[in-house]
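Q: Questions regarding the structure given below will be posed in turn.
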Amino acid sequence: MKIRQEVYQMQQFKFPKDFYFGGATAAYQCEGATKEDGKGEVIWDKYLREQGTINPDPACDFYHRYPEDLDLCKKFHINAIRVSIDWARIFPEGEGKMEPRGVEYYHKLFKKCREDGVEPFVTLHHFDTPQALQDKGGWLSQEMLDAFVEYAKFCFKEYADEVRYWITINEPTSMAGQQYVSGTFPPAYKDQFDKCFEAEYNQNLVHARIVNAYKEAGYTGQIGIVHALQTVYPATDSEGDKHAAELKDVLENKFYLDGTLAGKYSKETLALVREIIEANDQKMIDIKPEDEKVLLKAAKQLDFVGVNYYFSKFMKEYHGATEIVHNGTGKKGTDVNRMKGVGEEIHPKDLPATDWDWIIYPQGMYDQLKRIYDDYPLVHSMYITENGMGYKDKFEGEDKIVDDTPRIKYLRDHMEQVAKAIESGIPVNGYFVWSLQDMFSWTNGYSKRYGLFYVDFKTQKRYAKKSAYWYKELAETREIPPID
Ligand code: BGP
């Protein structure tokens, strides 16, 4: 396959005046304070404790230091922030008794956002299922799904005057795939493709129920969903590789896109789902016609879709057993991913990758946005809700700015694709760097840094990296600055 490396010729492009230049965070990765103010346990507490590798406390102590981080946003012209509500701060058991201190914390956080002119985009679920509900079956349990709707309704009402942008679920695909296939997210099951698709099906449906509830209640804000989308290409033009790419795409992207953006699973999508499940000697999931009514109603009312884009995937035909080795250490070249009934990921030699083997391919971001625009006509607004580069930043003293030029290059190359998308009529209304400040990475720990602001985890002091100054110039001028 010929890899397209189109260099986009920027002709004095200026981002629109109302474009959001944001920074993204997630509650469990940055708040710390996991045992404070009556917070309940989430699936990561026990899992990380047992693994003994990553301590989620104090992370970057956002629970106490959010005012400082928002001051930095203001100072660096970052006019939006993605935050998530940790469900177990509000309902420690996921349902039932409410914890007023948790509720109050988010009031204070949103108030500070407003004071600083930083628009909060608030996610209801960012990987942190309350443990009590996971014990009842997590995404496979009706009780969890019903509790999620109730928790969402509670938040809509409670924060109605403070939050204008809601996100139902962050990256449902990462949850389902990593909980049931690769085993890299708790409860770490492996090779259960049937359960993975059942979880995906349930996530799409519960997302739709929440969107419909929000609209029925007549709120005036906007509601969307955030998908992790990895653009999938065949490694060669062979029929086998092309089919492997289709299978991977349905597993990672298309089942979600159909369910949430079209409100209907296409015949081709369902045939590919069945093929994956049956190749693994498992039973095809139930698709209920009455559920599709709920999905369609929500897809028609959805205000936006968020796209988290980091890398693309290149697929080769593969018929062996599933073998997954996750590069969680940053030792380049250690990642292996071949799935039975799907295909094998390869790393094209002429494409760069991060130390964690994430293939850097900015063109893939444009291709994914274009695909949504072309194939899902109900969508009328998009955001890049995460994009960024994991990097082993080096701190060389208080008087030296952390030089993260490779990250600036990564951000710049991707911003150009956003500009290209906007110029070709695709409605992208904002961009959020993952991440605003350094925090921990779920399966990779504290050494995989993404932030615009360096965090010294011992002292919790923040230092603007070179990328923060670059981003500030971008947000101020609305033009993509060069790399110096
Ligand atoms: C997304 C998540 C984020 C964040 C990011 C970087 O999947 O929504 O929470 O972690 O990816 O991923 P990682 O931390 O695995 O490098």
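Chain identifiers are assigned as A, B, and so on, following the order in which chains appear in the structure tokens; residues are numbered from 1 within each chain, and ligands are numbered from 1 in order of appearance.
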Taking only C-alpha atoms and all ligand atoms into account, report as a count of residues only which residues have an atom no farther than 7 Å from an atom of ligand 1.

A: 14

Q: Env of segment 274-291 of chain A: 6 Å cut, atoms = only C-alpha atoms, seq-sep filter 2 positions within chain, self excluded. Answer as number ranges by chain.

A: A: 193-194, 271-272, 293-294, 341

Q: Looking at only C-alpha atoms, which of A:Tyr265, A:Trp356, A:Tyr310, A:Phe395 is the one that sits closest to Tyr376 of chain A?

A: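 The closest residue to Tyr376 of chain A is A:Tyr265.
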
Q: Could you give me the residues within segment 280-447 of chain A that DSSP places in helix (DSSP H, G or I), as a PDB file with N, CA, C and O atoms, in the first residue's frame?

A:
```
ATOM      1  N   PRO A 289     -34.701  -4.972  17.510  1.00  0.00           N
ATOM      2  CA  PRO A 289     -35.249  -3.887  16.695  1.00  0.00           C
ATOM      3  C   PRO A 289     -35.751  -2.710  17.554  1.00  0.00           C
ATOM      4  O   PRO A 289     -35.587  -1.551  17.185  1.00  0.00           O
ATOM      5  N   GLU A 290     -36.298  -2.997  18.732  1.00  0.00           N
ATOM      6  CA  GLU A 290     -36.821  -1.886  19.558  1.00  0.00           C
ATOM      7  C   GLU A 290     -35.681  -0.986  20.049  1.00  0.00           C
ATOM      8  O   GLU A 290     -35.866   0.216  20.250  1.00  0.00           O
ATOM      9  N   ASP A 291     -34.487  -1.555  20.203  1.00  0.00           N
ATOM     10  CA  ASP A 291     -33.345  -0.737  20.635  1.00  0.00           C
ATOM     11  C   ASP A 291     -32.952   0.253  19.547  1.00  0.00           C
ATOM     12  O   ASP A 291     -32.480   1.354  19.832  1.00  0.00           O
ATOM     13  N   GLU A 292     -33.101  -0.163  18.311  1.00  0.00           N
ATOM     14  CA  GLU A 292     -32.692   0.721  17.205  1.00  0.00           C
ATOM     15  C   GLU A 292     -33.542   2.000  17.170  1.00  0.00           C
ATOM     16  O   GLU A 292     -33.064   3.034  16.731  1.00  0.00           O
ATOM     17  N   LYS A 293     -34.765   1.909  17.654  1.00  0.00           N
ATOM     18  CA  LYS A 293     -35.609   3.124  17.715  1.00  0.00           C
ATOM     19  C   LYS A 293     -34.982   4.132  18.674  1.00  0.00           C
ATOM     20  O   LYS A 293     -34.954   5.337  18.422  1.00  0.00           O
ATOM     21  N   VAL A 294     -34.487   3.624  19.793  1.00  0.00           N
ATOM     22  CA  VAL A 294     -33.858   4.491  20.808  1.00  0.00           C
ATOM     23  C   VAL A 294     -32.580   5.110  20.222  1.00  0.00           C
ATOM     24  O   VAL A 294     -32.304   6.304  20.378  1.00  0.00           O
ATOM     25  N   LEU A 295     -31.810   4.284  19.523  1.00  0.00           N
ATOM     26  CA  LEU A 295     -30.548   4.758  18.935  1.00  0.00           C
ATOM     27  C   LEU A 295     -30.804   5.849  17.906  1.00  0.00           C
ATOM     28  O   LEU A 295     -30.123   6.877  17.873  1.00  0.00           O
ATOM     29  N   LEU A 296     -31.800   5.618  17.063  1.00  0.00           N
ATOM     30  CA  LEU A 296     -32.075   6.574  15.995  1.00  0.00           C
ATOM     31  C   LEU A 296     -32.548   7.915  16.549  1.00  0.00           C
ATOM     32  O   LEU A 296     -32.115   8.985  16.116  1.00  0.00           O
ATOM     33  N   LYS A 297     -33.414   7.824  17.547  1.00  0.00           N
ATOM     34  CA  LYS A 297     -33.915   9.053  18.177  1.00  0.00           C
ATOM     35  C   LYS A 297     -32.737   9.875  18.722  1.00  0.00           C
ATOM     36  O   LYS A 297     -32.672  11.098  18.548  1.00  0.00           O
ATOM     37  N   ALA A 298     -31.796   9.187  19.351  1.00  0.00           N
ATOM     38  CA  ALA A 298     -30.643   9.891  19.931  1.00  0.00           C
ATOM     39  C   ALA A 298     -29.728  10.434  18.839  1.00  0.00           C
ATOM     40  O   ALA A 298     -29.231  11.565  18.940  1.00  0.00           O
ATOM     41  N   ALA A 299     -29.490   9.637  17.813  1.00  0.00           N
ATOM     42  CA  ALA A 299     -28.569  10.083  16.746  1.00  0.00           C
ATOM     43  C   ALA A 299     -29.097  11.356  16.102  1.00  0.00           C
ATOM     44  O   ALA A 299     -28.330  12.257  15.747  1.00  0.00           O
ATOM     45  N   LYS A 300     -30.418  11.432  15.994  1.00  0.00           N
ATOM     46  CA  LYS A 300     -31.025  12.630  15.373  1.00  0.00           C
ATOM     47  C   LYS A 300     -30.897  13.854  16.259  1.00  0.00           C
ATOM     48  O   LYS A 300     -30.986  14.983  15.782  1.00  0.00           O
ATOM     49  N   GLN A 301     -30.754  13.625  17.577  1.00  0.00           N
ATOM     50  CA  GLN A 301     -30.712  14.775  18.495  1.00  0.00           C
ATOM     51  C   GLN A 301     -29.304  15.090  18.990  1.00  0.00           C
ATOM     52  O   GLN A 301     -29.107  16.044  19.732  1.00  0.00           O
ATOM     53  N   GLN A 363      -2.289  12.349   8.680  1.00  0.00           N
ATOM     54  CA  GLN A 363      -3.271  12.205   7.604  1.00  0.00           C
ATOM     55  C   GLN A 363      -4.481  11.375   8.048  1.00  0.00           C
ATOM     56  O   GLN A 363      -5.610  11.597   7.618  1.00  0.00           O
ATOM     57  N   GLY A 364      -4.222  10.421   8.939  1.00  0.00           N
ATOM     58  CA  GLY A 364      -5.287   9.544   9.428  1.00  0.00           C
ATOM     59  C   GLY A 364      -6.362  10.326  10.166  1.00  0.00           C
ATOM     60  O   GLY A 364      -7.528   9.940  10.193  1.00  0.00           O
ATOM     61  N   MET A 365      -5.967  11.448  10.773  1.00  0.00           N
ATOM     62  CA  MET A 365      -6.961  12.261  11.478  1.00  0.00           C
ATOM     63  C   MET A 365      -7.936  12.882  10.467  1.00  0.00           C
ATOM     64  O   MET A 365      -9.150  12.817  10.632  1.00  0.00           O
ATOM     65  N   TYR A 366      -7.370  13.426   9.424  1.00  0.00           N
ATOM     66  CA  TYR A 366      -8.224  14.024   8.388  1.00  0.00           C
ATOM     67  C   TYR A 366      -9.131  12.947   7.777  1.00  0.00           C
ATOM     68  O   TYR A 366     -10.338  13.156   7.610  1.00  0.00           O
ATOM     69  N   ASP A 367      -8.532  11.806   7.441  1.00  0.00           N
ATOM     70  CA  ASP A 367      -9.318  10.743   6.799  1.00  0.00           C
ATOM     71  C   ASP A 367     -10.491  10.310   7.682  1.00  0.00           C
ATOM     72  O   ASP A 367     -11.583  10.026   7.193  1.00  0.00           O
ATOM     73  N   GLN A 368     -10.264  10.287   8.989  1.00  0.00           N
ATOM     74  CA  GLN A 368     -11.331   9.860   9.905  1.00  0.00           C
ATOM     75  C   GLN A 368     -12.443  10.920   9.972  1.00  0.00           C
ATOM     76  O   GLN A 368     -13.631  10.602   9.940  1.00  0.00           O
ATOM     77  N   LEU A 369     -12.044  12.194  10.034  1.00  0.00           N
ATOM     78  CA  LEU A 369     -13.038  13.279  10.078  1.00  0.00           C
ATOM     79  C   LEU A 369     -13.859  13.276   8.788  1.00  0.00           C
ATOM     80  O   LEU A 369     -15.078  13.425   8.791  1.00  0.00           O
ATOM     81  N   LYS A 370     -13.168  13.064   7.687  1.00  0.00           N
ATOM     82  CA  LYS A 370     -13.832  13.074   6.374  1.00  0.00           C
ATOM     83  C   LYS A 370     -14.805  11.899   6.275  1.00  0.00           C
ATOM     84  O   LYS A 370     -15.910  12.016   5.749  1.00  0.00           O
ATOM     85  N   ARG A 371     -14.392  10.783   6.818  1.00  0.00           N
ATOM     86  CA  ARG A 371     -15.244   9.596   6.779  1.00  0.00           C
ATOM     87  C   ARG A 371     -16.544   9.839   7.565  1.00  0.00           C
ATOM     88  O   ARG A 371     -17.637   9.499   7.118  1.00  0.00           O
ATOM     89  N   ILE A 372     -16.408  10.476   8.726  1.00  0.00           N
ATOM     90  CA  ILE A 372     -17.615  10.764   9.516  1.00  0.00           C
ATOM     91  C   ILE A 372     -18.511  11.718   8.722  1.00  0.00           C
ATOM     92  O   ILE A 372     -19.724  11.526   8.617  1.00  0.00           O
ATOM     93  N   TYR A 373     -17.883  12.724   8.162  1.00  0.00           N
ATOM     94  CA  TYR A 373     -18.627  13.740   7.392  1.00  0.00           C
ATOM     95  C   TYR A 373     -19.360  13.093   6.204  1.00  0.00           C
ATOM     96  O   TYR A 373     -20.527  13.381   5.947  1.00  0.00           O
ATOM     97  N   ASP A 374     -18.676  12.206   5.505  1.00  0.00           N
ATOM     98  CA  ASP A 374     -19.275  11.592   4.315  1.00  0.00           C
ATOM     99  C   ASP A 374     -20.299  10.511   4.655  1.00  0.00           C
ATOM    100  O   ASP A 374     -21.340  10.424   4.022  1.00  0.00           O
ATOM    101  N   ASP A 375     -19.982   9.693   5.671  1.00  0.00           N
ATOM    102  CA  ASP A 375     -20.813   8.499   5.904  1.00  0.00           C
ATOM    103  C   ASP A 375     -21.890   8.689   6.963  1.00  0.00           C
ATOM    104  O   ASP A 375     -22.772   7.845   7.090  1.00  0.00           O
ATOM    105  N   THR A 405      10.114  19.665  21.789  1.00  0.00           N
ATOM    106  CA  THR A 405       9.933  19.961  20.364  1.00  0.00           C
ATOM    107  C   THR A 405       9.244  18.820  19.583  1.00  0.00           C
ATOM    108  O   THR A 405       8.371  19.111  18.757  1.00  0.00           O
ATOM    109  N   PRO A 406       9.567  17.545  19.830  1.00  0.00           N
ATOM    110  CA  PRO A 406       8.846  16.492  19.086  1.00  0.00           C
ATOM    111  C   PRO A 406       7.326  16.563  19.305  1.00  0.00           C
ATOM    112  O   PRO A 406       6.544  16.294  18.397  1.00  0.00           O
ATOM    113  N   ARG A 407       6.926  16.951  20.520  1.00  0.00           N
ATOM    114  CA  ARG A 407       5.486  17.089  20.774  1.00  0.00           C
ATOM    115  C   ARG A 407       4.916  18.260  19.964  1.00  0.00           C
ATOM    116  O   ARG A 407       3.828  18.153  19.406  1.00  0.00           O
ATOM    117  N   ILE A 408       5.661  19.353  19.907  1.00  0.00           N
ATOM    118  CA  ILE A 408       5.172  20.508  19.143  1.00  0.00           C
ATOM    119  C   ILE A 408       4.990  20.098  17.679  1.00  0.00           C
ATOM    120  O   ILE A 408       3.987  20.426  17.038  1.00  0.00           O
ATOM    121  N   LYS A 409       5.936  19.343  17.179  1.00  0.00           N
ATOM    122  CA  LYS A 409       5.834  18.903  15.780  1.00  0.00           C
ATOM    123  C   LYS A 409       4.583  18.035  15.600  1.00  0.00           C
ATOM    124  O   LYS A 409       3.826  18.190  14.649  1.00  0.00           O
ATOM    125  N   TYR A 410       4.372  17.145  16.560  1.00  0.00           N
ATOM    126  CA  TYR A 410       3.202  16.267  16.499  1.00  0.00           C
ATOM    127  C   TYR A 410       1.911  17.111  16.486  1.00  0.00           C
ATOM    128  O   TYR A 410       1.017  16.925  15.656  1.00  0.00           O
ATOM    129  N   LEU A 411       1.845  18.070  17.418  1.00  0.00           N
ATOM    130  CA  LEU A 411       0.630  18.891  17.528  1.00  0.00           C
ATOM    131  C   LEU A 411       0.442  19.727  16.266  1.00  0.00           C
ATOM    132  O   LEU A 411      -0.654  19.844  15.727  1.00  0.00           O
ATOM    133  N   ARG A 412       1.530  20.283  15.800  1.00  0.00           N
ATOM    134  CA  ARG A 412       1.459  21.130  14.612  1.00  0.00           C
ATOM    135  C   ARG A 412       0.954  20.324  13.409  1.00  0.00           C
ATOM    136  O   ARG A 412       0.049  20.752  12.693  1.00  0.00           O
ATOM    137  N   ASP A 413       1.539  19.148  13.202  1.00  0.00           N
ATOM    138  CA  ASP A 413       1.146  18.334  12.046  1.00  0.00           C
ATOM    139  C   ASP A 413      -0.332  17.943  12.117  1.00  0.00           C
ATOM    140  O   ASP A 413      -1.014  17.839  11.102  1.00  0.00           O
ATOM    141  N   HIS A 414      -0.823  17.722  13.322  1.00  0.00           N
ATOM    142  CA  HIS A 414      -2.238  17.363  13.465  1.00  0.00           C
ATOM    143  C   HIS A 414      -3.144  18.586  13.343  1.00  0.00           C
ATOM    144  O   HIS A 414      -4.231  18.505  12.779  1.00  0.00           O
ATOM    145  N   MET A 415      -2.690  19.716  13.876  1.00  0.00           N
ATOM    146  CA  MET A 415      -3.492  20.947  13.733  1.00  0.00           C
ATOM    147  C   MET A 415      -3.666  21.290  12.255  1.00  0.00           C
ATOM    148  O   MET A 415      -4.694  21.813  11.841  1.00  0.00           O
ATOM    149  N   GLU A 416      -2.651  21.004  11.474  1.00  0.00           N
ATOM    150  CA  GLU A 416      -2.764  21.278  10.028  1.00  0.00           C
ATOM    151  C   GLU A 416      -3.862  20.433   9.398  1.00  0.00           C
ATOM    152  O   GLU A 416      -4.571  20.887   8.501  1.00  0.00           O
ATOM    153  N   GLN A 417      -4.018  19.219   9.898  1.00  0.00           N
ATOM    154  CA  GLN A 417      -5.088  18.365   9.365  1.00  0.00           C
ATOM    155  C   GLN A 417      -6.457  18.889   9.791  1.00  0.00           C
ATOM    156  O   GLN A 417      -7.431  18.788   9.049  1.00  0.00           O
ATOM    157  N   VAL A 418      -6.510  19.475  10.984  1.00  0.00           N
ATOM    158  CA  VAL A 418      -7.778  20.065  11.442  1.00  0.00           C
ATOM    159  C   VAL A 418      -8.105  21.259  10.534  1.00  0.00           C
ATOM    160  O   VAL A 418      -9.245  21.421  10.075  1.00  0.00           O
ATOM    161  N   ALA A 419      -7.081  22.062  10.271  1.00  0.00           N
ATOM    162  CA  ALA A 419      -7.282  23.229   9.402  1.00  0.00           C
ATOM    163  C   ALA A 419      -7.758  22.784   8.020  1.00  0.00           C
ATOM    164  O   ALA A 419      -8.702  23.351   7.459  1.00  0.00           O
ATOM    165  N   LYS A 420      -7.120  21.745   7.525  1.00  0.00           N
ATOM    166  CA  LYS A 420      -7.494  21.224   6.206  1.00  0.00           C
ATOM    167  C   LYS A 420      -8.956  20.758   6.215  1.00  0.00           C
ATOM    168  O   LYS A 420      -9.719  21.016   5.287  1.00  0.00           O
ATOM    169  N   ALA A 421      -9.342  20.096   7.304  1.00  0.00           N
ATOM    170  CA  ALA A 421     -10.727  19.619   7.416  1.00  0.00           C
ATOM    171  C   ALA A 421     -11.693  20.808   7.402  1.00  0.00           C
ATOM    172  O   ALA A 421     -12.691  20.807   6.671  1.00  0.00           O
ATOM    173  N   ILE A 422     -11.379  21.831   8.185  1.00  0.00           N
ATOM    174  CA  ILE A 422     -12.277  22.992   8.259  1.00  0.00           C
ATOM    175  C   ILE A 422     -12.372  23.652   6.880  1.00  0.00           C
ATOM    176  O   ILE A 422     -13.463  23.994   6.413  1.00  0.00           O
ATOM    177  N   GLU A 423     -11.233  23.778   6.229  1.00  0.00           N
ATOM    178  CA  GLU A 423     -11.242  24.407   4.900  1.00  0.00           C
ATOM    179  C   GLU A 423     -12.052  23.603   3.889  1.00  0.00           C
ATOM    180  O   GLU A 423     -12.609  24.164   2.959  1.00  0.00           O
TER     181      GLU A 423
END
```

Q: Considering only C-alpha atoms, state which residue in the set A:Leu251, A:Phe13, A:Ile346, A:Leu72 is at the smallest distance from Tyr454 of chain A.

A: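 Closest residue, counting only C-alpha atoms: A:Leu72.
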
Q: Excluding same-chain residues fewer than 3 positions from Ala244 of chain A, what lies within 12 Å of it counting only C-alpha atoms, as a VMD selection string?

A: chain A and resid 232 to 241 247 to 251 272 275 to 276 313 to 319 338 to 346

Q: Please identify all polymer residues within 7 Å of Gln230 of chain A, counting only C-alpha atoms, omitting same-chain residues fewer than 3 positions from it, and present them as a ChimeraX atom specification.

A: /A:309,311-313

Q: Using the selection just defined, write its residues with N, CA, C and O atoms as a PDB file, in the first residue's frame.

A:
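Result file follows (result-v7.pdb):
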```
ATOM      1  N   TYR A 309      -8.056  11.238  18.580  1.00  0.00           N
ATOM      2  CA  TYR A 309      -7.215  10.625  17.548  1.00  0.00           C
ATOM      3  C   TYR A 309      -5.749  10.710  17.957  1.00  0.00           C
ATOM      4  O   TYR A 309      -5.236  11.796  18.221  1.00  0.00           O
ATOM      5  N   PHE A 311      -3.422   7.803  16.580  1.00  0.00           N
ATOM      6  CA  PHE A 311      -2.629   6.987  15.643  1.00  0.00           C
ATOM      7  C   PHE A 311      -3.543   6.281  14.650  1.00  0.00           C
ATOM      8  O   PHE A 311      -4.763   6.234  14.833  1.00  0.00           O
ATOM      9  N   SER A 312      -2.898   5.747  13.616  1.00  0.00           N
ATOM     10  CA  SER A 312      -3.629   4.914  12.671  1.00  0.00           C
ATOM     11  C   SER A 312      -3.120   3.491  12.794  1.00  0.00           C
ATOM     12  O   SER A 312      -2.098   3.244  13.437  1.00  0.00           O
ATOM     13  N   LYS A 313      -3.842   2.573  12.163  1.00  0.00           N
ATOM     14  CA  LYS A 313      -3.407   1.174  12.202  1.00  0.00           C
ATOM     15  C   LYS A 313      -3.322   0.616  10.786  1.00  0.00           C
ATOM     16  O   LYS A 313      -4.124   0.977   9.925  1.00  0.00           O
TER      17      LYS A 313
END
```
